[in-house]
Amino acid sequence: MKVMKFGGTSVGKPERIRQVATLITKDNEPKIVVLSALSGTTNALVSIGELVAEGRKENAKLEIEKLEKHYQNFIEELIQKSEFLEKAKAIVAEHFEFLKIVLRISFSKALNNEILAQGELLSTKLFCVFLQENNIEYQLLPALEFMNIDENDEPEIINIEKKLKQLLQQNSEQKIFITQGYICKNAKQEVDNLKRGGSDYSASLIAAAINASVCEIWTDIDGMHNNDPRVVEKTFPIEQLSFDEAAELAYFGAKILHPASIWPAQNYNVPVKLLNTMHPEEKGTTISDKTNIVGAKAIAAKDNITAIRIKSSRMLLAYGFLRKIFEVFEKYKTSIDMITTSEVAVSITIDNTESLNSILKELEPFGTIEVDENQTIVSVVGNEISQTDETIKKLFNSIHEIPVRMVSYGGSPHNISLLVAAENKIALLKQLNKGLFGLA
Ligand code: ASP
Ligand code: MG
């Protein structure tokens with residue numbers, strides 16, 4: 001059995017939905033099809049939630065009506081026969097009725113999560129109507145019946161496995177199962193989600209739970225590229241990545257895959273394939289436990305980074321200093337990305353600045369604090385990259401006239417990270433593309 005996950009752009013237009021139906025009926029292997037919300041929907045729902053929270057109900061109502069119109073037009077184009085169109089209309093009406101009721105009740109986080117869930121509920125239900133119209137047999141597996149997170153928002157993999165297996169057993173004659181990405185139930189049994197972009201994570205968790213032959217992630221690009229194709233001209237898709245390399249790339253900015261989606265597949269050793277819905281014949285990228293050639297494989301960039309430097313002569317020969325600093329970040333649930341130390345200073349980067357002010361206040365007694373906002377981490381990733389002096393030589397020789405604020409080397413054998421001011425990001429990506437891959 002395999003998992004096929006289709007992202008927002010893969011279901012964002014009626015003709016793409018037709019393509020998805022073709023792709024899932026191409027072979028006879030039983031499959032669980034995980035769908036995102038139609039592209040743009042979750043963004044719209046986030047904004048509706050914010051407007052409701054701020055009490056701007058009129059604006060929220062306008063946004064809801066705009067989105068509803070979009071769905072009404074969408075189904076008119078997607079569904080041909082009136083009998084099925086009526087069904088689709090009823091689904092759209094039901095979900096938008098819910099959104100309008102939201103305007104009349106008091107706002108809470110739980111309610112906001114219900115709002116956010118509407119996108120995936122709609123996309124899967126409408127897709128099912130499309131399958132019915134086209135005589136394609138399927139079974140809907142509601143994610144809210146098996147996808148659970150605990151009180152720390154961590155997926156309960158053992159439970160997910162148990163429930164999913166039960167559901168599959170009850171429908172053992174079926175070959176195509178449809179489910180929602182992103183949405184889940186939390187420890188309080190309320191509707192919740194796996195955070196933005198979380199459908200990849202759903203797919204990987206499902207693939208792990210059923211021990212799938214492969215977890216296919218269908219997007220609108222032909223795999224993970226060696227550099228950011230949005231800002232660097234000559235890039236190419238990478239055919240093979242190890243789980244470790246892919247995790248570093250996803251975490252350090254490669255937008256194609258949700259960073260958390262690697263570990264379930266890696267732990268259960270399910271290969272992940274990144275494929276292009278528009279060009280299904282392309283090879284894409286395969287992520288597996290195979291470690292491949294040594295050396296630089298790809299470059300990724302993570303924006304909106306804040307660097308904090310703590311300088312203190314008290315750090316000299318002291319012990320326990322770093323622990324105290326880390327405790328401050330732990331207290332505010334802020335994870336640290338990069339860290340470099342000297343005998344009298346430590347530099348740390350974070351991307352979540354929600355508690356920055358409180359963190360800085362608590363760090364003050366430790367020494368002089370300097371903060372640099374608007375930084376970017378550029379990571380060069382590749383198997384054993386930090387063991388090969390050839391790559392390191394090339395890497396540092398590539399860089400011209402760009403001040404590098406921090407270098408993180410040796411933390412992982414697969415990653416060398418550089419911190420630069422955001423305005424130097426594109427220049428650095430291009431220089432590295434030339435220096436490491438010979439592509440100018
Ligand atoms: N629809 C959700 C989002 O836009 C989840 C996903 O697409 O992965 O974040
Ligand atoms: Mg995504």
# chains A, B, ... in the order shown; residues from 1 in each chain; ligands from 1
call {"tool": "residues_around", "arguments": {"residues": "Asn186 (chain A)", "least_positions_apart": "4", "cutoff": "10 Å", "atoms": "only C-alpha atoms", "output": "PyMOL selection string"}}
result
chain A and resi 144+147-156+190-194
call {"tool": "write_last_selection", "arguments": {"atoms": "N, CA and C atoms", "output": "tab-separated table (two decimals), in the first residue's frame"}}
result
chain	number	residue	atom	x	y	z
A	144	LEU	N	-9.98	13.01	11.28
A	144	LEU	CA	-10.33	13.28	12.68
A	144	LEU	C	-10.63	11.99	13.45
A	147	MET	N	-6.16	10.65	13.33
A	147	MET	CA	-4.95	11.48	13.48
A	147	MET	C	-5.01	12.23	14.81
A	148	ASN	N	-4.17	11.82	15.75
A	148	ASN	CA	-4.21	12.41	17.10
A	148	ASN	C	-2.88	13.02	17.50
A	149	ILE	N	-2.96	14.14	18.22
A	149	ILE	CA	-1.75	14.68	18.84
A	149	ILE	C	-1.94	14.73	20.36
A	150	ASP	N	-0.82	14.67	21.09
A	150	ASP	CA	-0.92	14.66	22.56
A	150	ASP	C	-0.87	16.09	23.12
A	151	GLU	N	-0.73	16.21	24.44
A	151	GLU	CA	-0.78	17.56	25.02
A	151	GLU	C	0.42	18.43	24.63
A	152	ASN	N	1.49	17.79	24.11
A	152	ASN	CA	2.63	18.59	23.61
A	152	ASN	C	2.57	18.77	22.10
A	153	ASP	N	1.41	18.53	21.53
A	153	ASP	CA	1.21	18.64	20.08
A	153	ASP	C	2.01	17.62	19.29
A	154	GLU	N	2.45	16.55	19.93
A	154	GLU	CA	3.19	15.51	19.22
A	154	GLU	C	2.23	14.43	18.75
A	155	PRO	N	2.38	13.95	17.52
A	155	PRO	CA	1.50	12.90	17.01
A	155	PRO	C	1.62	11.62	17.85
A	156	GLU	N	0.50	10.98	18.09
A	156	GLU	CA	0.51	9.73	18.85
A	156	GLU	C	0.59	8.57	17.88
A	190	GLU	N	-10.42	17.99	20.75
A	190	GLU	CA	-10.92	19.07	19.90
A	190	GLU	C	-10.24	18.97	18.54
A	191	VAL	N	-10.87	19.61	17.55
A	191	VAL	CA	-10.24	19.68	16.23
A	191	VAL	C	-8.99	20.56	16.36
A	192	ASP	N	-7.90	20.10	15.76
A	192	ASP	CA	-6.64	20.86	15.80
A	192	ASP	C	-5.94	20.64	14.46
A	193	ASN	N	-4.69	21.06	14.36
A	193	ASN	CA	-3.96	20.83	13.11
A	193	ASN	C	-2.47	20.64	13.36
A	194	LEU	N	-1.78	20.22	12.30
A	194	LEU	CA	-0.34	19.92	12.41
A	194	LEU	C	0.51	21.11	11.97
call {"tool": "closest_atom_pairs", "arguments": {"of": "chain A", "to": "ligand 1", "cutoff": "8 Å", "atoms": "only C-alpha atoms and all ligand atoms", "output": "tab-separated table"}}
result
residue	atom	partner	partner_atom_place_in_ligand_line	distance
A:Gly7	CA	ligand 1	7 (O)	5.6
A:Gly8	CA	ligand 1	7 (O)	5.5
A:Leu35	CA	ligand 1	7 (O)	7.9
A:Ser36	CA	ligand 1	7 (O)	4.5
A:Ala37	CA	ligand 1	1 (N)	4.6
A:Leu38	CA	ligand 1	1 (N)	7.4
A:Ser39	CA	ligand 1	4 (O)	7.1
A:Gly40	CA	ligand 1	4 (O)	7.3
A:Thr41	CA	ligand 1	1 (N)	7.1
A:Thr42	CA	ligand 1	4 (O)	4.8
A:Asn43	CA	ligand 1	4 (O)	6.6
A:Gly119	CA	ligand 1	1 (N)	6.6
A:Glu120	CA	ligand 1	1 (N)	6.5
A:Gly181	CA	ligand 1	5 (C)	6.5
A:Tyr182	CA	ligand 1	5 (C)	4.9
A:Leu194	CA	ligand 1	5 (C)	7.9
A:Lys195	CA	ligand 1	9 (O)	6.6
A:Arg196	CA	ligand 1	9 (O)	3.4
A:Gly197	CA	ligand 1	8 (O)	3.2
A:Gly198	CA	ligand 1	8 (O)	4.3
A:Ser199	CA	ligand 1	8 (O)	3.7
A:Asp200	CA	ligand 1	8 (O)	5.8
A:Tyr201	CA	ligand 1	8 (O)	7.9
A:His258	CA	ligand 1	8 (O)	7.8
call {"tool": "atom_distance", "arguments": {"atom1": "CA of Val346 (chain A)", "atom2": "CA of Lys311 (chain A)"}}
result
6.6 Å
call {"tool": "select_by_dssp", "arguments": {"residues": "region 181-271 of chain A", "states": "strand (DSSP E or B)", "output": "ChimeraX atom specification"}}
result
/A:183-185,191-193,215-219,225,237,240-242
call {"tool": "residues_around", "arguments": {"residues": "Ile17 (chain A)", "least_positions_apart": "4", "cutoff": "9 Å", "atoms": "only C-alpha atoms", "output": "list in words"}}
result
Ser10, Val11, Gly12, Lys13, Ala21, Thr22, Leu78, Phe127 and Phe130 of chain A
call {"tool": "residues_around", "arguments": {"residues": "Pro142 (chain A)", "least_positions_apart": "4", "cutoff": "9 Å", "atoms": "only C-alpha atoms", "output": "mmCIF file with all heavy atoms, in the first residue's frame"}}
result
data_model
loop_
_atom_site.group_PDB
_atom_site.id
_atom_site.type_symbol
_atom_site.label_atom_id
_atom_site.label_comp_id
_atom_site.auth_asym_id
_atom_site.auth_seq_id
_atom_site.Cartn_x
_atom_site.Cartn_y
_atom_site.Cartn_z
ATOM 1 N N LEU A 121 -11.496 19.725 4.815
ATOM 2 C CA LEU A 121 -12.792 19.022 4.810
ATOM 3 C C LEU A 121 -13.481 19.241 3.468
ATOM 4 O O LEU A 121 -14.015 18.306 2.858
ATOM 5 C CB LEU A 121 -13.670 19.520 5.965
ATOM 6 C CG LEU A 121 -13.158 19.160 7.369
ATOM 7 C CD1 LEU A 121 -13.961 19.869 8.454
ATOM 8 C CD2 LEU A 121 -13.204 17.634 7.584
ATOM 9 N N PHE A 146 -8.593 9.288 13.173
ATOM 10 C CA PHE A 146 -7.373 8.524 13.482
ATOM 11 C C PHE A 146 -6.140 9.388 13.748
ATOM 12 O O PHE A 146 -5.172 8.917 14.332
ATOM 13 C CB PHE A 146 -7.063 7.509 12.370
ATOM 14 C CG PHE A 146 -6.718 8.136 11.045
ATOM 15 C CD1 PHE A 146 -5.430 8.562 10.768
ATOM 16 C CD2 PHE A 146 -7.691 8.292 10.055
ATOM 17 C CE1 PHE A 146 -5.113 9.135 9.545
ATOM 18 C CE2 PHE A 146 -7.384 8.875 8.829
ATOM 19 C CZ PHE A 146 -6.082 9.294 8.575
ATOM 20 N N MET A 147 -6.157 10.650 13.330
ATOM 21 C CA MET A 147 -4.952 11.482 13.479
ATOM 22 C C MET A 147 -5.012 12.230 14.811
ATOM 23 O O MET A 147 -5.841 13.116 14.979
ATOM 24 C CB MET A 147 -4.889 12.449 12.297
ATOM 25 C CG MET A 147 -3.578 13.168 12.118
ATOM 26 S SD MET A 147 -2.125 12.112 11.977
ATOM 27 C CE MET A 147 -2.152 11.662 10.266
ATOM 28 N N ILE A 178 -9.372 8.038 0.657
ATOM 29 C CA ILE A 178 -9.141 9.491 0.612
ATOM 30 C C ILE A 178 -9.146 10.009 2.044
ATOM 31 O O ILE A 178 -10.021 9.646 2.840
ATOM 32 C CB ILE A 178 -10.283 10.207 -0.160
ATOM 33 C CG1 ILE A 178 -10.598 9.507 -1.488
ATOM 34 C CG2 ILE A 178 -9.979 11.695 -0.354
ATOM 35 C CD1 ILE A 178 -9.529 9.550 -2.511
ATOM 36 N N THR A 179 -8.178 10.869 2.365
ATOM 37 C CA THR A 179 -8.210 11.483 3.693
ATOM 38 C C THR A 179 -7.672 12.913 3.658
ATOM 39 O O THR A 179 -7.048 13.324 2.676
ATOM 40 C CB THR A 179 -7.450 10.625 4.731
ATOM 41 O OG1 THR A 179 -7.749 11.121 6.038
ATOM 42 C CG2 THR A 179 -5.945 10.676 4.518
ATOM 43 N N GLN A 180 -7.921 13.635 4.758
ATOM 44 C CA GLN A 180 -7.473 15.012 4.859
ATOM 45 C C GLN A 180 -6.054 15.078 5.414
ATOM 46 O O GLN A 180 -5.744 14.406 6.397
ATOM 47 C CB GLN A 180 -8.370 15.817 5.821
ATOM 48 C CG GLN A 180 -9.814 15.921 5.424
ATOM 49 C CD GLN A 180 -10.650 14.748 5.946
ATOM 50 O OE1 GLN A 180 -10.202 13.949 6.762
ATOM 51 N NE2 GLN A 180 -11.873 14.636 5.452
#
call {"tool": "closest_atom_pairs", "arguments": {"of": "region 194-303 of chain A", "to": "region 407-423 of chain A", "cutoff": "12 Å", "atoms": "only C-alpha atoms", "output": "JSON lines"}}
result
{"residue": "A:Leu241", "atom": "CA", "partner": "A:His414", "partner_atom": "CA", "distance": 11.2}
{"residue": "A:Ser242", "atom": "CA", "partner": "A:His414", "partner_atom": "CA", "distance": 10.0}
{"residue": "A:Phe243", "atom": "CA", "partner": "A:His414", "partner_atom": "CA", "distance": 10.8}
{"residue": "A:Asp244", "atom": "CA", "partner": "A:His414", "partner_atom": "CA", "distance": 7.4}
{"residue": "A:Glu245", "atom": "CA", "partner": "A:His414", "partner_atom": "CA", "distance": 6.3}
{"residue": "A:Ala246", "atom": "CA", "partner": "A:His414", "partner_atom": "CA", "distance": 9.9}
{"residue": "A:Ala247", "atom": "CA", "partner": "A:His414", "partner_atom": "CA", "distance": 10.0}
{"residue": "A:Glu248", "atom": "CA", "partner": "A:Asn415", "partner_atom": "CA", "distance": 7.1}
{"residue": "A:Leu249", "atom": "CA", "partner": "A:Asn415", "partner_atom": "CA", "distance": 8.8}
{"residue": "A:Tyr251", "atom": "CA", "partner": "A:Asn415", "partner_atom": "CA", "distance": 11.2}
{"residue": "A:Phe252", "atom": "CA", "partner": "A:Ser417", "partner_atom": "CA", "distance": 8.9}
{"residue": "A:Gly253", "atom": "CA", "partner": "A:Ser417", "partner_atom": "CA", "distance": 11.6}
{"residue": "A:Thr291", "atom": "CA", "partner": "A:His414", "partner_atom": "CA", "distance": 10.9}
{"residue": "A:Asn292", "atom": "CA", "partner": "A:His414", "partner_atom": "CA", "distance": 11.7}
{"residue": "A:Ile293", "atom": "CA", "partner": "A:His414", "partner_atom": "CA", "distance": 11.6}
{"residue": "A:Val294", "atom": "CA", "partner": "A:His414", "partner_atom": "CA", "distance": 9.3}
{"residue": "A:Gly295", "atom": "CA", "partner": "A:His414", "partner_atom": "CA", "distance": 8.7}
{"residue": "A:Ala296", "atom": "CA", "partner": "A:His414", "partner_atom": "CA", "distance": 8.6}
{"residue": "A:Lys297", "atom": "CA", "partner": "A:His414", "partner_atom": "CA", "distance": 9.4}
{"residue": "A:Ala298", "atom": "CA", "partner": "A:Asn415", "partner_atom": "CA", "distance": 9.8}
{"residue": "A:Ile299", "atom": "CA", "partner": "A:Ser417", "partner_atom": "CA", "distance": 9.5}
{"residue": "A:Ala300", "atom": "CA", "partner": "A:Ser417", "partner_atom": "CA", "distance": 9.4}
{"residue": "A:Ala301", "atom": "CA", "partner": "A:Ser417", "partner_atom": "CA", "distance": 9.3}
{"residue": "A:Lys302", "atom": "CA", "partner": "A:Ala422", "partner_atom": "CA", "distance": 9.6}
{"residue": "A:Asp303", "atom": "CA", "partner": "A:Ala422", "partner_atom": "CA", "distance": 7.0}
call {"tool": "write_last_selection", "arguments": {"atoms": "N, CA, C and O atoms", "output": "tab-separated table (two decimals), in the first residue's frame"}}
result
chain	number	residue	atom	x	y	z
A	241	LEU	N	18.29	11.73	-2.20
A	241	LEU	CA	18.74	12.37	-0.95
A	241	LEU	C	18.59	11.35	0.16
A	241	LEU	O	17.69	10.51	0.13
A	242	SER	N	19.46	11.44	1.15
A	242	SER	CA	19.26	10.58	2.33
A	242	SER	C	18.26	11.29	3.23
A	242	SER	O	18.03	12.50	3.10
A	243	PHE	N	17.67	10.56	4.17
A	243	PHE	CA	16.73	11.19	5.10
A	243	PHE	C	17.41	12.36	5.83
A	243	PHE	O	16.80	13.41	6.02
A	244	ASP	N	18.66	12.14	6.25
A	244	ASP	CA	19.36	13.19	7.00
A	244	ASP	C	19.53	14.45	6.16
A	244	ASP	O	19.31	15.57	6.63
A	245	GLU	N	19.93	14.26	4.92
A	245	GLU	CA	20.12	15.43	4.05
A	245	GLU	C	18.79	16.15	3.84
A	245	GLU	O	18.71	17.38	3.91
A	246	ALA	N	17.74	15.37	3.58
A	246	ALA	CA	16.43	15.98	3.31
A	246	ALA	C	15.93	16.73	4.54
A	246	ALA	O	15.34	17.81	4.42
A	247	ALA	N	16.17	16.15	5.72
A	247	ALA	CA	15.71	16.81	6.95
A	247	ALA	C	16.42	18.16	7.11
A	247	ALA	O	15.80	19.16	7.45
A	248	GLU	N	17.73	18.18	6.86
A	248	GLU	CA	18.48	19.44	6.98
A	248	GLU	C	17.95	20.45	5.99
A	248	GLU	O	17.75	21.63	6.32
A	249	LEU	N	17.70	20.01	4.76
A	249	LEU	CA	17.24	20.94	3.72
A	249	LEU	C	15.85	21.47	4.04
A	249	LEU	O	15.59	22.67	3.91
A	251	TYR	N	14.46	21.65	6.96
A	251	TYR	CA	14.50	22.51	8.13
A	251	TYR	C	15.12	23.85	7.81
A	251	TYR	O	14.66	24.90	8.24
A	252	PHE	N	16.18	23.83	6.99
A	252	PHE	CA	16.87	25.08	6.69
A	252	PHE	C	16.33	25.75	5.43
A	252	PHE	O	17.08	26.36	4.69
A	253	GLY	N	15.06	25.60	5.16
A	253	GLY	CA	14.43	26.52	4.22
A	253	GLY	C	13.91	25.98	2.91
A	253	GLY	O	13.23	26.70	2.20
A	291	THR	N	22.64	6.21	1.77
A	291	THR	CA	23.57	7.34	1.80
A	291	THR	C	24.31	7.31	0.48
A	291	THR	O	24.74	6.26	0.02
A	292	ASN	N	24.38	8.46	-0.11
A	292	ASN	CA	24.97	8.47	-1.44
A	292	ASN	C	26.25	9.26	-1.45
A	292	ASN	O	26.86	9.49	-0.43
A	293	ILE	N	26.61	9.71	-2.64
A	293	ILE	CA	27.91	10.36	-2.80
A	293	ILE	C	28.19	11.44	-1.76
A	293	ILE	O	27.29	12.14	-1.32
A	294	VAL	N	29.47	11.53	-1.45
A	294	VAL	CA	29.92	12.51	-0.46
A	294	VAL	C	30.07	13.86	-1.16
A	294	VAL	O	30.45	13.93	-2.32
A	295	GLY	N	29.73	14.93	-0.45
A	295	GLY	CA	29.95	16.27	-1.01
A	295	GLY	C	28.69	17.10	-1.03
A	295	GLY	O	27.62	16.62	-0.65
A	296	ALA	N	28.80	18.34	-1.49
A	296	ALA	CA	27.67	19.28	-1.46
A	296	ALA	C	26.55	18.80	-2.38
A	296	ALA	O	26.78	18.45	-3.53
A	297	LYS	N	25.34	18.78	-1.86
A	297	LYS	CA	24.20	18.30	-2.63
A	297	LYS	C	23.25	19.46	-2.94
A	297	LYS	O	22.69	19.54	-4.02
A	298	ALA	N	23.06	20.33	-1.98
A	298	ALA	CA	22.09	21.41	-2.19
A	298	ALA	C	22.32	22.56	-1.23
A	298	ALA	O	22.97	22.40	-0.18
A	299	ILE	N	21.72	23.68	-1.60
A	299	ILE	CA	21.83	24.89	-0.78
A	299	ILE	C	20.40	25.36	-0.47
A	299	ILE	O	19.55	25.37	-1.36
A	300	ALA	N	20.16	25.70	0.78
A	300	ALA	CA	18.82	26.21	1.12
A	300	ALA	C	18.97	27.44	2.00
A	300	ALA	O	20.02	27.65	2.63
A	301	ALA	N	17.95	28.27	2.01
A	301	ALA	CA	18.02	29.50	2.81
A	301	ALA	C	16.80	29.63	3.69
A	301	ALA	O	15.68	29.36	3.26
A	302	LYS	N	17.03	30.03	4.91
A	302	LYS	CA	15.93	30.24	5.85
A	302	LYS	C	15.95	31.71	6.28
A	302	LYS	O	16.93	32.19	6.85
A	303	ASP	N	14.85	32.40	5.97
A	303	ASP	CA	14.77	33.85	6.22
A	303	ASP	C	14.23	34.18	7.60
A	303	ASP	O	13.83	33.28	8.35
call {"tool": "select_by_dssp", "arguments": {"residues": "region 339-370 of chain A", "states": "helix (DSSP H, G or I)", "output": "VMD selection string"}}
result
chain A and resid 356 to 366
call {"tool": "write_last_selection", "arguments": {"atoms": "all heavy atoms", "output": "short mmCIF file (atom, residue, chain, number, x, y, z; two decimals), in the first residue's frame"}}
result
data_model
loop_
_atom_site.label_atom_id
_atom_site.label_comp_id
_atom_site.auth_asym_id
_atom_site.auth_seq_id
_atom_site.Cartn_x
_atom_site.Cartn_y
_atom_site.Cartn_z
N LEU A 356 10.82 37.46 22.13
CA LEU A 356 12.16 38.07 22.08
C LEU A 356 12.39 39.05 23.23
O LEU A 356 13.43 39.01 23.90
CB LEU A 356 12.38 38.75 20.72
CG LEU A 356 13.77 39.35 20.52
CD1 LEU A 356 14.86 38.28 20.60
CD2 LEU A 356 13.88 40.06 19.18
N ASN A 357 11.42 39.93 23.46
CA ASN A 357 11.63 40.94 24.50
C ASN A 357 11.84 40.33 25.87
O ASN A 357 12.75 40.73 26.60
CB ASN A 357 10.46 41.93 24.54
CG ASN A 357 10.51 42.84 23.32
OD1 ASN A 357 11.57 43.02 22.73
ND2 ASN A 357 9.36 43.39 22.94
N SER A 358 11.03 39.34 26.20
CA SER A 358 11.19 38.68 27.51
C SER A 358 12.53 37.96 27.57
O SER A 358 13.21 37.98 28.61
CB SER A 358 10.07 37.67 27.74
OG SER A 358 8.85 38.20 27.37
N ILE A 359 12.91 37.32 26.46
CA ILE A 359 14.18 36.60 26.44
C ILE A 359 15.33 37.58 26.68
O ILE A 359 16.21 37.35 27.52
CB ILE A 359 14.36 35.85 25.09
CG1 ILE A 359 13.39 34.67 25.01
CG2 ILE A 359 15.79 35.38 24.90
CD1 ILE A 359 13.36 33.95 23.67
N LEU A 360 15.30 38.71 25.97
CA LEU A 360 16.39 39.68 26.10
C LEU A 360 16.48 40.21 27.52
O LEU A 360 17.56 40.38 28.07
CB LEU A 360 16.19 40.84 25.10
CG LEU A 360 16.31 40.44 23.62
CD1 LEU A 360 16.05 41.63 22.72
CD2 LEU A 360 17.68 39.84 23.32
N LYS A 361 15.33 40.44 28.11
CA LYS A 361 15.32 40.94 29.50
C LYS A 361 16.00 39.95 30.44
O LYS A 361 16.81 40.34 31.29
CB LYS A 361 13.85 41.12 29.92
CG LYS A 361 13.71 42.36 30.73
CD LYS A 361 12.41 42.62 31.36
CE LYS A 361 12.34 44.12 31.60
NZ LYS A 361 11.27 44.68 30.83
N GLU A 362 15.70 38.68 30.23
CA GLU A 362 16.29 37.67 31.13
C GLU A 362 17.75 37.41 30.83
O GLU A 362 18.48 36.88 31.67
CB GLU A 362 15.48 36.38 31.05
CG GLU A 362 14.09 36.58 31.60
CD GLU A 362 13.49 35.33 32.21
OE1 GLU A 362 14.23 34.41 32.60
OE2 GLU A 362 12.25 35.30 32.31
N LEU A 363 18.17 37.74 29.60
CA LEU A 363 19.59 37.52 29.26
C LEU A 363 20.47 38.65 29.77
O LEU A 363 21.67 38.46 29.98
CB LEU A 363 19.75 37.39 27.73
CG LEU A 363 19.25 36.11 27.07
CD1 LEU A 363 19.43 36.18 25.56
CD2 LEU A 363 19.97 34.87 27.62
N GLU A 364 19.87 39.82 29.97
CA GLU A 364 20.62 41.02 30.35
C GLU A 364 21.66 40.80 31.47
O GLU A 364 22.81 41.20 31.30
CB GLU A 364 19.65 42.13 30.79
CG GLU A 364 19.67 43.32 29.86
CD GLU A 364 18.48 44.22 30.09
OE1 GLU A 364 18.20 44.52 31.27
OE2 GLU A 364 17.83 44.61 29.10
N PRO A 365 21.29 40.14 32.56
CA PRO A 365 22.27 39.98 33.63
C PRO A 365 23.51 39.19 33.21
O PRO A 365 24.53 39.23 33.89
CB PRO A 365 21.51 39.21 34.72
CG PRO A 365 20.08 39.28 34.34
CD PRO A 365 19.98 39.60 32.90
N PHE A 366 23.45 38.47 32.10
CA PHE A 366 24.59 37.62 31.71
C PHE A 366 25.70 38.39 31.00
O PHE A 366 26.78 37.89 30.80
CB PHE A 366 24.13 36.48 30.79
CG PHE A 366 23.24 35.50 31.48
CD1 PHE A 366 21.89 35.46 31.19
CD2 PHE A 366 23.76 34.63 32.43
CE1 PHE A 366 21.06 34.56 31.83
CE2 PHE A 366 22.93 33.72 33.07
CZ PHE A 366 21.58 33.69 32.78
#
call {"tool": "atom_distance", "arguments": {"atom1": "CA of Lys255 (chain A)", "atom2": "CA of Leu45 (chain A)"}}
result
20.9 Å
